[in-house]
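Quick look at start24.csv (CSV, C-alpha atoms):
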chain,number,residue,atom,x,y,z
C,511,MET,CA,105.4,93.5,93.6
C,512,GLY,CA,106.3,96.9,94.9
C,513,VAL,CA,108.2,98.8,97.6
C,514,SER,CA,107.8,98.1,101.3
C,515,GLY,CA,104.5,99.4,102.5
C,516,SER,CA,102.8,99.1,99.2
C,517,GLY,CA,100.4,96.5,100.6
C,518,LYS,CA,101.8,93.3,98.9
C,519,SER,CA,101.0,91.0,101.8
C,520,THR,CA,97.6,92.5,102.5
C,521,VAL,CA,96.5,92.5,98.9
C,522,ALA,CA,97.9,89.0,98.3
C,523,GLY,CA,96.0,87.7,101.3
C,524,ALA,CA,92.8,89.2,99.9
C,525,ILE,CA,93.5,87.6,96.5
C,526,ARG,CA,94.3,84.3,98.1
C,527,ASP,CA,91.0,84.2,99.9
C,528,ARG,CA,89.0,85.0,96.8
C,529,ALA,CA,90.9,82.9,94.3
C,530,CYS,CA,91.6,79.9,96.5
C,531,ALA,CA,95.3,80.3,95.8
C,532,VAL,CA,98.5,79.3,97.7
C,533,LEU,CA,100.3,82.4,99.0
C,534,ILE,CA,104.1,82.5,99.3
C,535,GLU,CA,105.2,85.4,101.5
C,536,GLY,CA,108.5,86.6,100.1
C,537,ASP,CA,109.7,88.0,103.4
C,538,ASP,CA,109.7,84.4,104.8
C,539,PHE,CA,112.5,83.5,102.4
C,540,HIS,CA,115.0,86.2,103.4
C,541,SER,CA,118.2,84.8,105.1
C,542,PRO,CA,118.8,85.7,108.7
C,543,GLN,CA,121.7,87.8,107.4
C,544,ASN,CA,119.4,89.8,105.2
C,545,ILE,CA,116.9,90.3,108.0
C,546,HIS,CA,119.6,91.5,110.3
C,547,LYS,CA,121.0,93.8,107.6
C,548,MET,CA,117.6,95.4,107.0
C,549,HIS,CA,116.7,95.6,110.7
C,550,SER,CA,119.9,97.5,111.3
C,551,GLY,CA,119.0,100.0,108.6
C,552,THR,CA,121.3,98.7,105.8
C,553,PRO,CA,119.7,98.3,102.4
C,554,LEU,CA,120.0,95.0,100.6
C,555,ASN,CA,122.1,94.9,97.4
C,556,ASP,CA,121.8,92.6,94.3
C,557,ALA,CA,124.0,89.9,95.9
C,558,ASP,CA,121.9,89.9,99.0
C,559,ARG,CA,118.7,89.4,97.0
C,560,GLN,CA,120.0,86.7,94.6
C,561,GLY,CA,119.6,83.8,97.0
C,562,TRP,CA,116.3,85.2,98.2
C,563,LEU,CA,114.9,85.3,94.7
C,564,GLU,CA,116.2,81.8,94.0
C,565,ARG,CA,114.5,80.4,97.1
C,566,ILE,CA,111.2,82.2,96.1
C,567,ALA,CA,111.4,80.7,92.6
C,568,GLN,CA,112.1,77.2,93.9
C,569,GLU,CA,109.2,77.3,96.3
C,570,THR,CA,106.9,78.8,93.7
C,571,ASN,CA,107.6,76.0,91.3
C,572,ARG,CA,107.3,73.4,94.1
C,573,GLN,CA,103.8,74.8,94.9
C,574,LEU,CA,102.8,75.0,91.2
C,575,ALA,CA,103.4,71.3,90.9
C,576,THR,CA,100.2,70.7,92.9
C,577,ALA,CA,98.3,74.0,93.2
C,578,PRO,CA,96.6,75.6,90.2
C,579,ARG,CA,97.1,79.1,91.5
C,580,VAL,CA,100.1,80.5,93.4
C,581,LEU,CA,100.6,84.0,94.6
C,582,VAL,CA,104.0,85.5,95.6
C,583,ALA,CA,104.2,88.7,97.7
C,584,CYS,CA,107.7,89.9,96.8
C,585,SER,CA,109.2,93.4,96.1
C,586,ALA,CA,110.9,92.4,92.8
C,587,LEU,CA,112.1,96.0,92.5
C,588,LYS,CA,114.4,95.7,89.5
C,589,ARG,CA,113.7,94.4,86.0
C,590,ARG,CA,116.6,91.8,86.3
C,591,TYR,CA,114.9,90.4,89.5
C,592,ARG,CA,111.6,90.0,87.6
C,593,ASP,CA,113.4,88.6,84.6
C,594,MET,CA,115.1,86.0,86.8
C,595,LEU,CA,111.8,85.0,88.3
C,596,ARG,CA,110.2,84.9,84.8
C,597,GLN,CA,112.9,82.6,83.6
C,598,ALA,CA,112.4,80.3,86.5
C,599,ILE,CA,108.6,80.5,86.3
C,600,PRO,CA,107.6,81.1,82.6
C,601,GLU,CA,103.8,81.7,83.3
C,602,LEU,CA,104.5,84.4,85.9
C,603,GLY,CA,102.8,87.7,85.8
C,604,PHE,CA,103.3,90.7,88.1
C,605,VAL,CA,100.9,93.1,89.8
C,606,PHE,CA,102.8,96.4,90.5
C,607,LEU,CA,101.4,98.1,93.5
C,608,ASP,CA,102.3,101.7,92.7
C,609,LEU,CA,102.6,104.0,95.7
C,610,SER,CA,104.3,107.4,96.4
C,611,GLU,CA,107.4,107.4,98.6
C,612,GLU,CA,105.7,109.6,101.2
C,613,GLU,CA,102.8,107.2,101.5
C,614,ALA,CA,105.1,104.2,101.7
C,615,ARG,CA,107.2,105.8,104.4
C,616,ALA,CA,104.1,106.7,106.4
C,617,ARG,CA,102.8,103.1,106.2
C,618,VAL,CA,106.1,101.5,107.1
C,619,SER,CA,106.6,103.8,110.0
C,620,GLN,CA,103.2,102.6,111.5
C,621,ARG,CA,104.2,99.0,111.4
C,622,THR,CA,105.4,97.5,114.7
C,623,ASP,CA,105.9,93.9,113.7
C,624,HIS,CA,108.2,94.0,110.7
C,625,PHE,CA,112.0,94.0,110.3
C,626,MET,CA,112.0,96.7,107.6
C,627,PRO,CA,112.5,100.2,109.1
C,628,SER,CA,111.0,103.3,107.4
C,629,SER,CA,114.5,104.6,106.9
C,630,LEU,CA,115.0,102.1,104.1
C,631,VAL,CA,112.0,103.2,102.1
C,632,GLU,CA,114.1,105.8,100.2
C,633,SER,CA,116.6,103.0,99.2
C,634,GLN,CA,113.7,100.9,97.8
C,635,PHE,CA,112.6,103.8,95.6
C,636,ARG,CA,116.2,104.3,94.4
C,637,ASP,CA,116.2,100.6,93.4
C,638,LEU,CA,112.7,100.5,92.0
C,639,GLU,CA,112.5,100.1,88.2
C,640,PRO,CA,108.8,100.3,87.4
C,641,PRO,CA,107.7,97.5,85.1
C,642,GLN,CA,106.6,99.7,82.2
C,643,GLY,CA,106.4,97.9,78.9
C,644,GLU,CA,107.1,94.5,80.5
C,645,PRO,CA,105.0,91.4,79.6
C,646,ARG,CA,102.1,90.3,81.9
C,647,VAL,CA,102.1,93.3,84.2
C,648,LEU,CA,99.1,94.9,85.8
C,649,THR,CA,99.8,98.3,87.5
C,650,VAL,CA,97.4,99.3,90.2
C,651,SER,CA,97.4,102.3,92.6
C,652,ALA,CA,98.3,100.9,96.0
C,653,SER,CA,96.1,103.7,97.5
C,654,LYS,CA,93.0,101.8,96.6
C,655,PRO,CA,91.5,99.5,99.2
C,656,ALA,CA,92.9,95.9,99.2
C,657,ALA,CA,89.5,94.4,98.3
C,658,ALA,CA,89.2,96.7,95.3
C,659,ILE,CA,92.8,95.8,94.2
C,660,ALA,CA,92.0,92.1,94.7
C,661,ASP,CA,88.9,92.4,92.4
C,662,LEU,CA,91.0,94.1,89.7
C,663,VAL,CA,93.7,91.4,89.9
C,664,ILE,CA,91.3,88.5,89.8
C,665,ALA,CA,89.6,90.0,86.7
C,666,TRP,CA,93.0,90.4,85.1
C,667,TRP,CA,94.5,87.0,86.2
C,668,PRO,CA,94.3,84.4,83.5
C,669,THR,CA,92.3,81.3,84.4
C,670,ALA,CA,94.2,78.2,85.3
Any chance you could give the structure as C-alpha coordinates?
Amino acid sequence: MGVSGSGKSTVAGAIRDRACAVLIEGDDFHSPQNIHKMHSGTPLNDADRQGWLERIAQETNRQLATAPRVLVACSALKRRYRDMLRQAIPELGFVFLDLSEEEARARVSQRTDHFMPSSLVESQFRDLEPPQGEPRVLTVSASKPAAAIADLVIAWWPTA
(Lines of atoms letter the chains of each structure in order from A and count residues from 1; the text may use other names and numbers.)
(Lines give C-alpha, C1' and ligand atoms only; values in the text may rest on other atoms or scores of the structure.)
Protein backbone atom coordinates (compact mmCIF):
# COMPACT_ATOMS: atom_id res chain seq x y z
CA MET A 1 0.00 0.00 0.00
CA GLY A 2 1.02 3.59 -0.50
CA VAL A 3 0.55 6.66 -2.62
CA SER A 4 0.85 6.69 -6.36
CA GLY A 5 4.50 6.43 -7.35
CA SER A 6 5.57 4.55 -4.23
CA GLY A 7 6.41 1.47 -6.28
CA LYS A 8 3.50 -0.80 -5.34
CA SER A 9 3.34 -2.61 -8.68
CA THR A 10 7.12 -2.88 -9.08
CA VAL A 11 7.66 -4.19 -5.57
CA ALA A 12 4.68 -6.55 -5.80
CA GLY A 13 6.07 -7.95 -9.05
CA ALA A 14 9.42 -8.61 -7.37
CA ILE A 15 7.71 -10.33 -4.44
CA ARG A 16 5.46 -12.37 -6.74
CA ASP A 17 8.45 -13.71 -8.62
CA ARG A 18 10.31 -14.70 -5.43
CA ALA A 19 7.37 -16.01 -3.43
CA CYS A 20 5.49 -17.76 -6.25
CA ALA A 21 2.42 -15.72 -5.42
CA VAL A 22 -0.57 -14.52 -7.40
CA LEU A 23 -0.54 -10.76 -7.97
CA ILE A 24 -3.70 -8.70 -8.07
CA GLU A 25 -3.08 -5.26 -9.54
CA GLY A 26 -5.51 -2.90 -7.83
CA ASP A 27 -5.50 -0.46 -10.75
CA ASP A 28 -7.15 -3.15 -12.90
CA PHE A 29 -10.25 -2.99 -10.69
CA HIS A 30 -11.02 0.71 -11.08
CA SER A 31 -14.24 1.45 -12.89
CA PRO A 32 -14.04 3.30 -16.22
CA GLN A 33 -15.60 6.27 -14.42
CA ASN A 34 -12.80 6.29 -11.80
CA ILE A 35 -10.13 6.06 -14.48
CA HIS A 36 -11.71 8.91 -16.42
CA LYS A 37 -11.99 10.99 -13.26
CA MET A 38 -8.32 10.49 -12.35
CA HIS A 39 -7.12 10.94 -15.93
CA SER A 40 -8.90 14.29 -16.03
CA GLY A 41 -7.17 15.38 -12.81
CA THR A 42 -10.03 14.90 -10.34
CA PRO A 43 -9.17 12.99 -7.15
CA LEU A 44 -11.28 10.03 -6.12
CA ASN A 45 -13.44 10.27 -3.02
CA ASP A 46 -14.58 7.61 -0.56
CA ALA A 47 -17.66 6.76 -2.62
CA ASP A 48 -15.54 6.30 -5.76
CA ARG A 49 -13.22 3.94 -3.92
CA GLN A 50 -15.90 1.82 -2.22
CA GLY A 51 -16.80 -0.37 -5.20
CA TRP A 52 -13.15 -0.58 -6.20
CA LEU A 53 -12.16 -1.93 -2.79
CA GLU A 54 -15.08 -4.38 -2.82
CA ARG A 55 -13.96 -5.73 -6.22
CA ILE A 56 -10.38 -6.10 -4.96
CA ALA A 57 -11.56 -7.96 -1.85
CA GLN A 58 -13.78 -10.25 -3.91
CA GLU A 59 -10.97 -11.11 -6.33
CA THR A 60 -8.50 -11.63 -3.49
CA ASN A 61 -10.80 -14.11 -1.78
CA ARG A 62 -11.43 -15.84 -5.11
CA GLN A 63 -7.68 -16.27 -5.60
CA LEU A 64 -7.09 -17.34 -2.00
CA ALA A 65 -9.47 -20.26 -2.57
CA THR A 66 -6.80 -21.91 -4.74
CA ALA A 67 -3.51 -20.04 -4.25
CA PRO A 68 -1.53 -20.19 -1.00
CA ARG A 69 -0.06 -16.69 -1.43
CA VAL A 70 -1.82 -13.69 -2.93
CA LEU A 71 -0.45 -10.14 -3.24
CA VAL A 72 -2.52 -7.04 -3.84
CA ALA A 73 -0.97 -3.81 -5.12
CA CYS A 74 -3.43 -1.20 -3.89
CA SER A 75 -3.15 2.30 -2.42
CA ALA A 76 -5.40 1.63 0.64
CA LEU A 77 -4.69 5.19 1.76
CA LYS A 78 -7.15 5.44 4.64
CA ARG A 79 -7.54 3.28 7.71
CA ARG A 80 -11.20 2.65 6.92
CA TYR A 81 -10.18 1.26 3.50
CA ARG A 82 -7.68 -1.08 5.15
CA ASP A 83 -10.21 -2.07 7.81
CA MET A 84 -12.76 -2.87 5.11
CA LEU A 85 -10.21 -5.07 3.37
CA ARG A 86 -9.22 -6.69 6.70
CA GLN A 87 -12.84 -7.48 7.42
CA ALA A 88 -13.23 -9.13 4.02
CA ILE A 89 -9.83 -10.88 4.18
CA PRO A 90 -9.04 -11.64 7.86
CA GLU A 91 -5.44 -12.84 7.30
CA LEU A 92 -4.50 -9.72 5.34
CA GLY A 93 -1.32 -7.83 6.14
CA PHE A 94 -0.07 -4.56 4.68
CA VAL A 95 3.31 -3.36 3.50
CA PHE A 96 3.37 0.43 3.63
CA LEU A 97 5.75 1.84 1.03
CA ASP A 98 6.64 5.13 2.66
CA LEU A 99 7.79 7.89 0.31
CA SER A 100 8.04 11.67 0.38
CA GLU A 101 5.56 13.73 -1.59
CA GLU A 102 8.39 15.23 -3.66
CA GLU A 103 9.73 11.81 -4.66
CA ALA A 104 6.24 10.50 -5.44
CA ARG A 105 5.52 13.51 -7.65
CA ALA A 106 8.85 13.08 -9.46
CA ARG A 107 8.19 9.37 -10.09
CA VAL A 108 4.62 9.89 -11.28
CA SER A 109 5.63 12.72 -13.61
CA GLN A 110 8.07 10.33 -15.34
CA ARG A 111 5.40 7.73 -16.11
CA THR A 112 3.97 7.80 -19.60
CA ASP A 113 1.65 4.78 -19.50
CA HIS A 114 -0.57 5.44 -16.49
CA PHE A 115 -3.88 7.25 -15.99
CA MET A 116 -2.80 8.92 -12.74
CA PRO A 117 -1.35 12.40 -13.37
CA SER A 118 1.28 13.89 -11.06
CA SER A 119 -1.17 16.69 -10.24
CA LEU A 120 -3.10 14.19 -8.07
CA VAL A 121 -0.15 13.20 -5.88
CA GLU A 122 -0.91 16.03 -3.45
CA SER A 123 -4.48 14.73 -2.99
CA GLN A 124 -3.14 11.27 -2.22
CA PHE A 125 -0.99 12.68 0.57
CA ARG A 126 -4.01 14.60 1.91
CA ASP A 127 -5.94 11.31 2.07
CA LEU A 128 -3.05 9.20 3.37
CA GLU A 129 -3.45 7.92 6.91
CA PRO A 130 -0.19 6.09 7.63
CA PRO A 131 -0.88 2.68 9.22
CA GLN A 132 0.88 3.40 12.49
CA GLY A 133 -0.18 1.09 15.30
CA GLU A 134 -2.30 -1.11 13.02
CA PRO A 135 -1.99 -4.90 13.11
CA ARG A 136 0.10 -6.84 10.58
CA VAL A 137 1.83 -3.84 8.98
CA LEU A 138 5.39 -3.59 7.74
CA THR A 139 6.58 -0.06 6.94
CA VAL A 140 9.42 0.17 4.44
CA SER A 141 11.14 3.12 2.82
CA ALA A 142 10.02 3.15 -0.81
CA SER A 143 13.38 4.75 -1.67
CA LYS A 144 15.06 1.35 -1.28
CA PRO A 145 15.52 -0.79 -4.42
CA ALA A 146 12.55 -3.02 -5.22
CA ALA A 147 14.64 -6.18 -4.77
CA ALA A 148 15.70 -5.10 -1.27
CA ILE A 149 12.10 -4.31 -0.34
CA ALA A 150 11.00 -7.69 -1.70
CA ASP A 151 13.60 -9.41 0.51
CA LEU A 152 12.33 -7.55 3.59
CA VAL A 153 8.71 -8.39 2.81
CA ILE A 154 9.39 -12.08 2.20
CA ALA A 155 11.29 -12.32 5.50
CA TRP A 156 8.35 -10.63 7.26
CA TRP A 157 5.52 -12.44 5.43
CA PRO A 158 4.16 -15.35 7.49
CA THR A 159 4.46 -18.72 5.82
CA ALA A 160 1.35 -20.18 4.24
task = Tell me, as a PyMOL selection string, which residues lie within 6 Å of segment 526-538 of chain C, counting only C-alpha atoms; anything in the same chain fewer than 2 positions away does not count.
result = chain C and resi 522-524+540+579-584
request  = Go through C:Asp556, C:Glu564, C:Glu613, C:Glu601 one by one, measure the shortest atom-to-atom distance of each to Ser516 of chain C using all atoms listed in the file, and give the residue with the smallest value.
outcome  =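 Of all the options, C:Glu613 lies closest to Ser516 of chain C.
When only C-alpha atoms are used to compute distances to Glu639 of chain C, the closest of the residues C:Arg590, C:Ala616, C:Trp667, C:Leu607 turns out to be C:Arg590.
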request  = For atom CA of Ser514 of chain C and atom CA of Leu648 of chain C, determine how far apart the two atoms are, in Å to one decimal place.
outcome  =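 Going from atom CA of Ser514 of chain C over to atom CA of Leu648 of chain C covers 18.1 Å.
Reported to one decimal place, the separation of atom CA of Ile566 of chain C from atom CA of Val605 of chain C is 16.3 Å.
Within the 10 Å cut-off around Gly512 of chain C, using only C-alpha atoms and omitting residues fewer than 5 positions from it on the same chain, the listed residues are C:Gly517, C:Lys518, C:Ala583, C:Cys584, C:Ser585, C:Ala586, C:Leu587, C:Lys588, C:Phe604, C:Val605, C:Phe606, C:Leu607, C:Asp608, C:Leu609, C:Gln634, C:Phe635, C:Leu638, C:Glu639, C:Pro640, C:Pro641, C:Thr649, C:Ala652.
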query = For Asp558 of chain C, which residue among C:Arg646, C:His546, C:Arg592, C:Arg636 is the nearest when counting all atoms listed in the file?
reply =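 Checking each candidate against Asp558 of chain C, we get C:His546 as the closest.
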request  = Quick one: pull the distance between atom CA of Thr570 of chain C and atom CA of Ser633 of chain C, Å, one decimal.
outcome  = 26.6 Å
request  = Please identify all polymer residues lying at most 6 Å from the point (112.4, 108.5, 100.0) (file coordinates), using all atoms listed in the file, and present the result as a PyMOL selection string.
outcome  = chain C and resi 611+631-632
message = Taking (117.8, 85.3, 88.9) as a centre in this file's frame and 9 Å as the limit, can you find every polymer residue with an atom that close, using all atoms listed in the file, and give them as a ChimeraX atom specification?
response = /C:560-561,563-564,567,590-598
Could those selected residues go to a file with C-alpha atoms, as a PDB file, in the coordinates of the input?
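Ended up saving to again_39.pdb:
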ATOM      1  CA  GLN C 560     120.000  86.700  94.600  1.00  0.00           C
ATOM      2  CA  GLY C 561     119.600  83.800  97.000  1.00  0.00           C
ATOM      3  CA  LEU C 563     114.900  85.300  94.700  1.00  0.00           C
ATOM      4  CA  GLU C 564     116.200  81.800  94.000  1.00  0.00           C
ATOM      5  CA  ALA C 567     111.400  80.700  92.600  1.00  0.00           C
ATOM      6  CA  ARG C 590     116.600  91.800  86.300  1.00  0.00           C
ATOM      7  CA  TYR C 591     114.900  90.400  89.500  1.00  0.00           C
ATOM      8  CA  ARG C 592     111.600  90.000  87.600  1.00  0.00           C
ATOM      9  CA  ASP C 593     113.400  88.600  84.600  1.00  0.00           C
ATOM     10  CA  MET C 594     115.100  86.000  86.800  1.00  0.00           C
ATOM     11  CA  LEU C 595     111.800  85.000  88.300  1.00  0.00           C
ATOM     12  CA  ARG C 596     110.200  84.900  84.800  1.00  0.00           C
ATOM     13  CA  GLN C 597     112.900  82.600  83.600  1.00  0.00           C
ATOM     14  CA  ALA C 598     112.400  80.300  86.500  1.00  0.00           C
TER      15      ALA C 598
END
request  = May I ask which of the residues C:Asp637, C:Thr576, C:Pro645, C:Ser519 is the closest one to Asn555 of chain C, counting all atoms listed in the file?
outcome  =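 Under the stated criterion, the closest residue is C:Asp637.
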query = From the list C:Val663, C:Phe539, C:Ala656, C:Val647, which residue is nearest Gln568 of chain C when using all atoms listed in the file?
reply = C:Phe539
